[in-house]
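**Student:** Dropping in run.cif, which is mmCIF, C-alpha atoms:
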data_data
loop_
_atom_site.label_atom_id
_atom_site.label_comp_id
_atom_site.auth_asym_id
_atom_site.auth_seq_id
_atom_site.Cartn_x
_atom_site.Cartn_y
_atom_site.Cartn_z
CA MET P 1 -45.41 35.04 28.36
CA THR P 2 -44.56 33.10 25.18
CA ASN P 3 -42.03 30.27 24.99
CA SER P 4 -39.73 32.42 22.80
CA ASN P 5 -39.54 35.10 25.52
CA LYS P 6 -38.73 32.45 28.12
CA THR P 7 -35.97 31.11 25.90
CA GLN P 8 -34.49 34.56 25.48
CA GLN P 9 -34.37 35.06 29.25
CA ARG P 10 -32.52 31.83 29.97
CA GLU P 11 -28.99 32.32 31.19
CA PRO P 12 -26.17 30.39 29.49
CA LEU P 13 -25.19 27.09 31.04
CA PHE P 14 -21.63 28.31 31.57
CA HIS P 15 -19.59 31.43 31.01
CA ILE P 16 -15.90 32.32 31.23
CA THR P 17 -14.40 35.22 33.16
CA LYS P 18 -10.81 36.39 33.42
CA ARG P 19 -9.19 35.83 36.80
CA THR P 20 -8.03 38.99 38.48
CA ASP P 21 -5.72 37.13 40.82
CA ILE P 22 -4.85 33.53 41.65
CA PRO P 23 -2.72 32.36 44.58
CA LEU P 24 0.76 31.19 43.65
CA TRP P 25 0.20 27.79 45.25
CA LYS P 26 -2.93 27.23 43.17
CA SER P 27 -1.24 28.13 39.86
CA LEU P 28 1.68 25.86 40.71
CA LEU P 29 -0.74 23.06 41.59
CA ILE P 30 -2.48 23.42 38.23
CA ARG P 31 0.83 23.28 36.36
CA VAL P 32 2.04 20.25 38.30
CA GLY P 33 -1.29 18.54 37.66
CA ALA P 34 -0.95 19.22 33.92
CA ILE P 35 2.54 17.70 33.86
CA VAL P 36 1.41 14.63 35.83
CA LEU P 37 -1.55 14.16 33.51
CA GLY P 38 0.70 14.45 30.46
CA LEU P 39 3.15 11.90 31.88
CA LEU P 40 0.28 9.54 32.65
CA ILE P 41 -1.00 9.73 29.08
CA ILE P 42 2.52 9.17 27.74
CA ALA P 43 2.85 6.07 29.90
CA ILE P 44 -0.47 4.75 28.62
CA ILE P 45 0.53 5.38 25.00
CA CYS P 46 3.84 3.56 25.52
CA SER P 47 1.97 0.67 27.10
CA ILE P 48 -0.49 0.39 24.20
CA MET P 49 1.95 0.94 21.33
CA PHE P 50 5.07 -0.80 22.61
CA GLY P 51 3.87 -3.03 25.44
CA ILE P 52 5.91 -1.13 28.01
CA ASN P 53 4.91 -1.17 31.65
CA PRO P 54 3.71 2.38 32.51
CA PHE P 55 5.64 2.32 35.77
CA ALA P 56 8.76 1.38 33.82
CA VAL P 57 8.30 4.52 31.72
CA PHE P 58 8.25 6.72 34.84
CA ALA P 59 11.25 4.91 36.30
CA THR P 60 13.20 5.30 33.06
CA ILE P 61 12.46 9.03 32.84
CA ILE P 62 13.88 9.45 36.34
CA GLU P 63 16.81 7.18 35.52
CA GLY P 64 17.60 9.24 32.44
CA ASN P 65 18.19 12.27 34.64
CA PHE P 66 19.39 10.88 37.96
CA GLY P 67 20.61 7.37 37.11
CA THR P 68 24.27 8.36 37.41
CA GLU P 69 26.14 11.33 38.81
CA ARG P 70 27.21 12.32 35.30
CA ARG P 71 23.61 12.39 34.05
CA PHE P 72 22.63 14.62 36.94
CA TRP P 73 25.43 17.09 36.21
CA ILE P 74 24.59 17.08 32.49
CA LEU P 75 20.96 17.83 33.38
CA LEU P 76 22.07 20.85 35.43
CA GLN P 77 24.52 22.02 32.76
CA ASP P 78 22.00 21.79 29.90
CA THR P 79 19.37 23.47 32.09
CA ALA P 80 21.81 26.32 32.71
CA LEU P 81 22.47 26.77 28.98
CA LEU P 82 18.78 26.77 28.10
CA LEU P 83 18.07 29.11 31.00
CA VAL P 84 20.59 31.70 29.78
CA VAL P 85 19.10 31.66 26.27
CA GLY P 86 15.61 32.11 27.75
CA LEU P 87 16.88 34.93 29.95
CA ALA P 88 18.44 36.59 26.90
CA LEU P 89 15.04 36.72 25.21
CA ILE P 90 13.17 38.25 28.16
CA PRO P 91 14.27 41.91 27.78
CA ALA P 92 13.32 41.92 24.09
CA PHE P 93 10.01 40.15 24.68
CA LYS P 94 9.04 42.51 27.52
CA MET P 95 9.58 45.30 25.03
CA LYS P 96 7.39 43.40 22.51
CA PHE P 97 10.38 42.94 20.20
CA TRP P 98 9.94 39.32 19.12
CA ASN P 99 13.52 38.13 18.93
CA LEU P 100 13.40 34.73 17.18
CA GLY P 101 17.10 34.84 16.37
CA GLY P 102 18.52 33.22 19.48
CA ASN P 103 19.94 30.31 17.49
CA GLY P 104 21.87 32.59 15.17
CA GLN P 105 23.21 34.71 18.03
CA VAL P 106 24.44 31.59 19.82
CA LEU P 107 26.07 30.30 16.62
CA VAL P 108 28.01 33.48 15.88
CA GLY P 109 29.14 33.58 19.51
CA ALA P 110 30.46 30.04 19.11
CA LEU P 111 32.07 30.95 15.78
CA ALA P 112 33.90 33.92 17.32
CA THR P 113 35.04 31.73 20.23
CA VAL P 114 36.45 29.02 17.97
CA ALA P 115 38.20 31.61 15.82
CA VAL P 116 40.01 33.02 18.88
CA MET P 117 40.90 29.52 20.11
CA LYS P 118 42.23 28.53 16.69
CA PHE P 119 44.40 31.57 16.00
CA LEU P 120 45.40 32.76 19.48
CA GLY P 121 45.30 29.57 21.56
CA GLY P 122 48.90 28.73 22.48
CA GLU P 123 50.13 32.01 21.02
CA LEU P 124 49.11 34.11 24.03
CA PRO P 125 48.77 33.29 27.75
CA ASP P 126 45.54 31.43 28.50
CA GLY P 127 44.17 34.23 30.68
CA ILE P 128 44.43 36.74 27.85
CA VAL P 129 42.93 34.29 25.36
CA TRP P 130 39.95 33.72 27.69
CA VAL P 131 39.30 37.46 27.95
CA ILE P 132 39.48 37.85 24.16
CA MET P 133 37.15 34.86 23.73
CA LEU P 134 34.65 36.44 26.10
CA LEU P 135 34.76 39.80 24.35
CA ALA P 136 34.60 38.27 20.88
CA SER P 137 31.62 36.04 21.65
CA VAL P 138 29.46 38.67 23.35
CA ILE P 139 30.29 41.29 20.70
CA ALA P 140 29.45 38.86 17.90
CA GLY P 141 26.12 37.95 19.51
CA ALA P 142 25.33 41.61 20.17
CA ILE P 143 26.06 42.59 16.56
CA TRP P 144 23.87 39.78 15.26
CA ALA P 145 20.97 41.00 17.39
CA VAL P 146 21.47 44.72 16.90
CA ILE P 147 21.24 44.57 13.10
CA PRO P 148 17.50 43.70 13.18
CA ALA P 149 17.09 46.16 16.07
CA ILE P 150 18.44 49.07 14.00
CA PHE P 151 16.15 48.26 11.09
CA LYS P 152 13.19 47.94 13.49
CA ALA P 153 13.99 51.21 15.26
CA PHE P 154 14.53 53.33 12.14
CA PHE P 155 12.51 51.59 9.41
CA ASN P 156 9.89 49.64 11.42
CA THR P 157 10.73 46.33 9.73
CA ASN P 158 9.24 43.04 10.91
CA GLU P 159 11.64 41.86 13.61
CA SER P 160 10.32 38.29 13.65
CA LEU P 161 11.16 37.67 10.00
CA PHE P 162 14.42 39.60 10.22
CA THR P 163 15.74 37.67 13.23
CA LEU P 164 14.68 34.37 11.66
CA MET P 165 16.59 35.31 8.51
CA MET P 166 19.67 36.04 10.61
CA ASN P 167 19.51 32.46 11.94
CA TYR P 168 19.95 31.06 8.43
CA ILE P 169 22.80 33.45 7.65
CA ALA P 170 24.58 32.48 10.89
CA GLU P 171 24.18 28.79 10.08
CA ALA P 172 25.60 29.35 6.59
CA LEU P 173 28.58 31.23 8.04
CA VAL P 174 29.30 28.42 10.48
CA LEU P 175 29.09 25.81 7.71
CA TYR P 176 31.47 27.88 5.58
CA PHE P 177 34.11 28.19 8.30
CA VAL P 178 33.73 24.56 9.32
CA TYR P 179 34.45 23.62 5.70
CA ILE P 180 37.55 25.84 5.67
CA TRP P 181 38.95 24.92 9.10
CA LYS P 182 38.20 21.21 9.40
CA THR P 183 40.92 18.70 8.56
CA GLY P 184 38.80 15.53 8.37
CA ALA P 185 35.61 14.49 6.63
CA SER P 186 33.23 15.28 9.51
CA ASP P 187 30.85 18.23 9.69
CA THR P 188 32.58 19.64 12.76
CA ILE P 189 35.95 21.16 13.43
CA GLU P 190 38.31 18.93 15.36
CA PRO P 191 38.34 19.78 19.11
CA MET P 192 40.63 22.70 19.85
CA PRO P 193 43.64 21.62 21.93
CA MET P 194 44.45 25.14 23.19
CA GLY P 195 42.50 28.04 24.62
CA ASN P 196 39.72 26.05 26.30
CA LEU P 197 38.03 27.68 29.26
CA PRO P 198 39.22 26.53 32.70
CA THR P 199 37.50 23.75 34.65
CA ILE P 200 36.06 24.80 38.00
CA GLY P 201 35.48 21.81 40.26
CA ASN P 202 34.22 19.63 37.39
CA PRO P 203 33.59 20.17 33.66
CA PHE P 204 29.96 21.21 34.27
CA LEU P 205 30.18 23.68 37.12
CA LEU P 206 31.41 26.75 35.18
CA THR P 207 28.27 26.84 33.02
CA ILE P 208 26.02 26.48 36.09
CA ILE P 209 27.79 29.31 37.94
CA VAL P 210 27.55 31.63 34.92
CA ALA P 211 23.81 30.90 34.58
CA ALA P 212 23.22 31.60 38.29
CA ILE P 213 25.03 34.96 38.06
CA ILE P 214 23.10 36.00 34.94
CA THR P 215 19.77 35.00 36.51
CA VAL P 216 20.35 37.19 39.55
CA PHE P 217 21.70 40.04 37.42
CA LEU P 218 18.75 40.06 35.04
CA ALA P 219 16.18 39.83 37.84
CA ILE P 220 17.71 42.93 39.47
CA TYR P 221 18.23 44.71 36.13
CA LEU P 222 14.62 44.35 35.01
CA LYS P 223 12.99 45.16 38.34
CA PHE P 224 15.17 47.82 39.91
CA SER P 225 17.17 49.57 37.18
CA LYS P 226 16.18 52.57 35.09
CA HIS P 227 16.80 50.54 31.94
CA GLY P 228 14.42 47.84 33.13
CA TYR P 229 11.75 50.45 33.78
CA GLU P 230 12.20 51.91 30.30
CA ILE P 231 11.88 48.45 28.74
CA SER P 232 8.55 47.95 30.53
CA VAL P 233 7.22 51.34 29.47
CA VAL P 234 8.21 50.83 25.82
CA GLY P 235 6.56 47.40 25.92
CA GLU P 236 3.32 48.86 27.30
CA SER P 237 3.09 51.76 24.86
CA GLN P 238 5.68 53.41 22.66
CA ASN P 239 3.56 56.56 22.50
CA THR P 240 3.55 56.80 26.29
CA ALA P 241 7.29 56.22 26.36
CA LYS P 242 7.85 59.04 23.87
CA TYR P 243 5.49 61.32 25.80
CA ILE P 244 7.48 60.96 29.04
CA GLY P 245 10.76 61.55 27.22
CA ILE P 246 12.11 58.02 26.66
CA ASN P 247 14.18 57.60 23.50
CA VAL P 248 12.45 54.51 22.09
CA LYS P 249 15.02 53.88 19.37
CA LYS P 250 17.83 53.95 21.90
CA VAL P 251 16.00 51.55 24.23
CA VAL P 252 15.28 49.08 21.41
CA ILE P 253 18.90 49.04 20.23
CA ARG P 254 20.37 48.90 23.75
CA THR P 255 18.05 46.07 24.78
CA LEU P 256 18.89 43.93 21.74
CA VAL P 257 22.59 44.48 22.36
CA LEU P 258 22.07 42.97 25.81
CA SER P 259 19.94 40.13 24.44
CA GLY P 260 22.43 39.22 21.74
CA ALA P 261 25.40 39.47 24.08
CA MET P 262 23.83 36.94 26.44
CA CYS P 263 23.18 34.52 23.57
CA GLY P 264 26.77 35.04 22.43
CA LEU P 265 27.88 34.08 25.92
CA VAL P 266 26.05 30.76 25.51
CA GLY P 267 28.06 30.24 22.31
CA LEU P 268 31.23 30.86 24.35
CA LEU P 269 30.25 28.21 26.91
CA LEU P 270 29.28 25.67 24.26
CA ALA P 271 32.42 26.08 22.14
CA GLY P 272 34.94 27.03 24.80
CA ALA P 273 33.92 24.95 27.82
CA ILE P 274 31.75 22.03 26.65
CA ASP P 275 32.27 20.96 23.01
CA HIS P 276 35.64 22.65 22.33
CA THR P 277 34.49 22.85 18.70
CA MET P 278 31.45 23.93 16.68
CA SER P 279 29.05 22.80 13.99
CA ALA P 280 25.84 24.07 12.42
CA THR P 281 23.88 22.27 15.17
CA THR P 282 25.83 23.73 18.09
CA ALA P 283 22.89 25.91 19.17
CA GLN P 284 20.67 22.79 19.57
CA ASN P 285 17.59 24.89 18.71
CA MET P 286 17.81 26.52 22.14
CA GLY P 287 16.79 29.82 20.57
CA PHE P 288 13.31 28.39 20.01
CA THR P 289 13.07 26.24 23.13
CA GLY P 290 14.10 29.30 25.14
CA ILE P 291 10.91 31.00 23.98
CA MET P 292 8.91 28.24 25.68
CA VAL P 293 11.03 28.60 28.82
CA ALA P 294 10.41 32.36 28.99
CA TRP P 295 6.71 32.12 28.20
CA LEU P 296 5.95 29.39 30.74
CA ALA P 297 7.60 31.48 33.45
CA LYS P 298 5.67 34.62 32.45
CA PHE P 299 9.04 36.33 31.83
CA ASN P 300 10.05 35.94 35.50
CA PRO P 301 13.82 35.17 35.62
CA ILE P 302 13.61 33.23 38.89
CA ILE P 303 10.66 31.04 37.87
CA MET P 304 12.45 30.38 34.58
CA VAL P 305 14.89 28.19 36.49
CA LEU P 306 12.01 25.74 37.10
CA SER P 307 10.64 25.90 33.56
CA ALA P 308 14.10 25.30 32.03
CA LEU P 309 14.71 22.42 34.43
CA GLY P 310 11.32 20.89 33.63
CA ILE P 311 11.85 21.02 29.87
CA GLN P 312 15.32 19.48 30.09
CA PHE P 313 14.09 16.83 32.54
CA LEU P 314 11.39 15.72 30.11
CA THR P 315 13.66 15.85 27.07
CA LYS P 316 16.41 13.77 28.63
CA GLY P 317 13.97 11.40 30.29
CA MET P 318 12.15 10.64 27.04
CA GLY P 319 15.48 10.24 25.28
CA ARG P 320 16.37 7.57 27.79
CA VAL P 321 12.99 5.86 27.31
CA GLN P 322 13.56 5.79 23.56
CA LYS P 323 17.03 4.29 23.92
CA LYS P 324 16.21 1.75 26.63
CA PHE P 325 13.12 0.30 24.97
CA GLY P 326 14.47 0.35 21.42
CA ILE P 327 12.15 3.01 20.01
CA THR P 328 14.02 3.81 16.82
CA SER P 329 12.01 6.78 15.60
CA ASP P 330 12.84 10.19 17.10
CA ALA P 331 9.35 11.28 16.06
CA VAL P 332 7.81 9.15 18.82
CA SER P 333 9.88 10.85 21.50
CA ASN P 334 9.20 14.31 20.04
CA ILE P 335 5.45 13.66 19.89
CA MET P 336 5.38 12.56 23.51
CA ILE P 337 7.33 15.62 24.64
CA GLY P 338 4.92 17.70 22.55
CA LEU P 339 2.01 16.18 24.47
CA ILE P 340 3.54 17.39 27.72
CA TYR P 341 3.95 20.88 26.24
CA PHE P 342 0.32 20.78 25.10
CA PHE P 343 -0.97 20.03 28.59
CA VAL P 344 1.27 22.66 30.17
CA ILE P 345 0.15 25.30 27.67
CA ALA P 346 -3.50 24.28 27.98
CA CYS P 347 -3.39 24.57 31.76
CA GLU P 348 -2.52 28.25 31.38
CA PHE P 349 -6.12 28.77 30.28
CA PHE P 350 -7.38 27.61 33.68
CA ILE P 351 -4.82 29.81 35.41
CA SER P 352 -5.89 32.92 33.48
CA TYR P 353 -9.63 32.21 33.24
CA LYS P 354 -12.37 30.75 35.40
CA ILE P 355 -15.33 28.71 34.12
CA HIS P 356 -18.66 29.34 35.86
CA ILE P 357 -21.30 26.60 35.48
CA ASN P 358 -24.85 27.85 35.97
CA LEU P 359 -26.60 24.79 37.38
CA LYS P 360 -29.72 26.79 38.28
CA SER P 361 -30.17 27.75 34.64
CA LYS P 362 -29.89 24.11 33.64
CA ASN P 363 -32.51 23.06 36.18
CA LYS P 364 -34.85 25.85 35.11
CA ALA P 365 -34.51 24.78 31.50
CA LYS P 366 -35.42 21.21 32.40
CA ASN P 367 -38.44 22.34 34.44
CA SER P 368 -39.57 24.66 31.67
CA ASP P 369 -39.35 21.92 29.06
CA GLY P 370 -41.31 19.57 31.33
CA GLY P 371 -44.03 22.17 31.86
CA ASN P 372 -44.40 22.78 28.13
CA LYS P 373 -44.84 19.09 27.52
#
Show me the file's structure as structure tokens.

**Tutor:**
Amino acid sequence: MTNSNKTQQREPLFHITKRTDIPLWKSLLIRVGAIVLGLLIIAIICSIMFGINPFAVFATIIEGNFGTERRFWILLQDTALLLVVGLALIPAFKMKFWNLGGNGQVLVGALATVAVMKFLGGELPDGIVWVIMLLASVIAGAIWAVIPAIFKAFFNTNESLFTLMMNYIAEALVLYFVYIWKTGASDTIEPMPMGNLPTIGNPFLLTIIVAAIITVFLAIYLKFSKHGYEISVVGESQNTAKYIGINVKKVVIRTLVLSGAMCGLVGLLLAGAIDHTMSATTAQNMGFTGIMVAWLAKFNPIIMVLSALGIQFLTKGMGRVQKKFGITSDAVSNIMIGLIYFFVIACEFFISYKIHINLKSKNKAKNSDGGNK
């Protein structure tokens, strides 16, 4: 047999196969390992670039989240807000409708809330104002999401571009009304004295309770309701959905109404319970960060609690590192957080795929080369 034939028969040194199943504990272990590795590299970078003790970096990240009772409650509150935005995106994403307009839907929800507070706060009993605020915010968010849904359902437009465009329009609207309603020189409206949502226990608890209720609701809605089943079928194949009698257009529109309403509710919490005002940055880019939250959790509402908490933990921790050690550039903090995201995303490869190393093939190749010599 010639050397060329032997070469052709050699097996590759390694090959990749898709995992059919992986235990939950193993996937969690891989993700935790990726986060620890990312944090370790961040600590090393801080040590090399800024002369910071790596252990001090870890301690400061923890301090930034748990150093005071207020920081802990803010961590939970901001996690709850991000979680609700991520949850709002899940129904659309499961249907393969790529809703990138979460920011805009949050902004118009906040705009509707501030409008009610400004014109009806103090004019009507607080209870009635709160109900109107709730209705106005969820309706505004739903409308902002359903416009791209209608065009997608009837004209098959590109929903990604359409929802992105709606973000810019929402931001322009907010800037316009801020300019009209503000009384000072700032880029925000002065805090509303009337119509603010009630405080339950402490200023942070209302948002956390709302997020917990929505998480349970959406988990049940997607898994056990007829609407959740229809969303899954449409996401798998629109042709199959049509064949079994599902009205695809109706499902698309109904699902985006739900998605937008939930984002509008976040606008209500931000403007009515937390900031008591609004600006063009009220949404805090949660519409995009929520995509990461949903994707990391594989669109599982319960696991999303952990992914939202992890992202906020890292963001606030690195913010504290930047402030404590005098790192003036926000880019440094953003790059370091990006490194964590990179490791977390990269680890998904090892969760979904398995690498097989063919040591026998390697040994055979060595023996064959030795024999030829």

**Student:** Using all atoms listed in the file for the distances, tell me which of P:Leu83, P:Ile62, P:Ile274, P:Leu100 is nearest to Val216 of chain P.

**Tutor:** P:Leu83

**Student:** At a cut-off of 9 Å, using all atoms listed in the file, what residues contact Gly267 of chain P? Leave out same-chain residues fewer than 5 positions from it and give the result as a list of chain:residue names.

**Tutor:**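 Residues near the query, excluding close chain neighbours: P:Gln105, P:Val106, P:Leu107, P:Val108, P:Gly109, P:Ala110, P:Leu111, P:Ala112, P:Thr113, P:Ser137, P:Val138, P:Gly141, P:Met262, P:Gly272, P:Thr282, P:Ala283.
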
**Student:** Which segment 69-135 of chain P residues have any atom within 12 Å of an atom of segment 309-328 of chain P, and for each, what is the nearest pair of atoms with distance in Å to one decimal, counting only C-alpha atoms, rows sorted by chain and number, as a Markdown table?

**Tutor:**
| residue | atom | partner | partner_atom | distance |
| --- | --- | --- | --- | --- |
| P:Arg71 | CA | P:Lys316 | CA | 9.1 |
| P:Phe72 | CA | P:Phe313 | CA | 9.9 |
| P:Trp73 | CA | P:Phe313 | CA | 11.9 |
| P:Ile74 | CA | P:Lys316 | CA | 9.6 |
| P:Leu75 | CA | P:Gln312 | CA | 6.7 |
| P:Leu76 | CA | P:Leu309 | CA | 7.6 |
| P:Gln77 | CA | P:Gln312 | CA | 9.9 |
| P:Asp78 | CA | P:Gln312 | CA | 7.1 |
| P:Thr79 | CA | P:Leu309 | CA | 5.3 |
| P:Ala80 | CA | P:Leu309 | CA | 8.3 |
| P:Leu81 | CA | P:Gln312 | CA | 10.3 |
| P:Leu82 | CA | P:Gln312 | CA | 8.3 |
| P:Leu83 | CA | P:Leu309 | CA | 8.2 |
| P:Val84 | CA | P:Leu309 | CA | 11.9 |
| P:Gly86 | CA | P:Leu309 | CA | 11.8 |

**Student:** Which of these, P:Ile214, P:Ile302, P:Ala331, P:Val129, has the shortest distance to Cys263 of chain P once you count only C-alpha atoms?

**Tutor:**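 Closest residue, counting only C-alpha atoms: P:Ile214.
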
**Student:** Evaluate the PyMOL selection byres ((chain P and resi 226-242) around 12) against this structure - the residues, as a PyMOL selection string, please.

**Tutor:** chain P and resi 90-98+153+217-225+243-256+258+299

**Student:** If the PyMOL selection byres ((chain P and resi 170) around 10) is run on the structure shown, which residues does it catch, given as an MDAnalysis selection string?

**Tutor:** chainID P and resid 101 103:109 111 144 165:169 171:176 280

**Student:** Determine the residue membership of the PyMOL selection byres ((chain P and resi 133) around 10) for the file above and supply it as a ChimeraX atom specification.

**Tutor:** /P:109-110,112-117,120-121,127-132,134-139,195-197,265,268,272
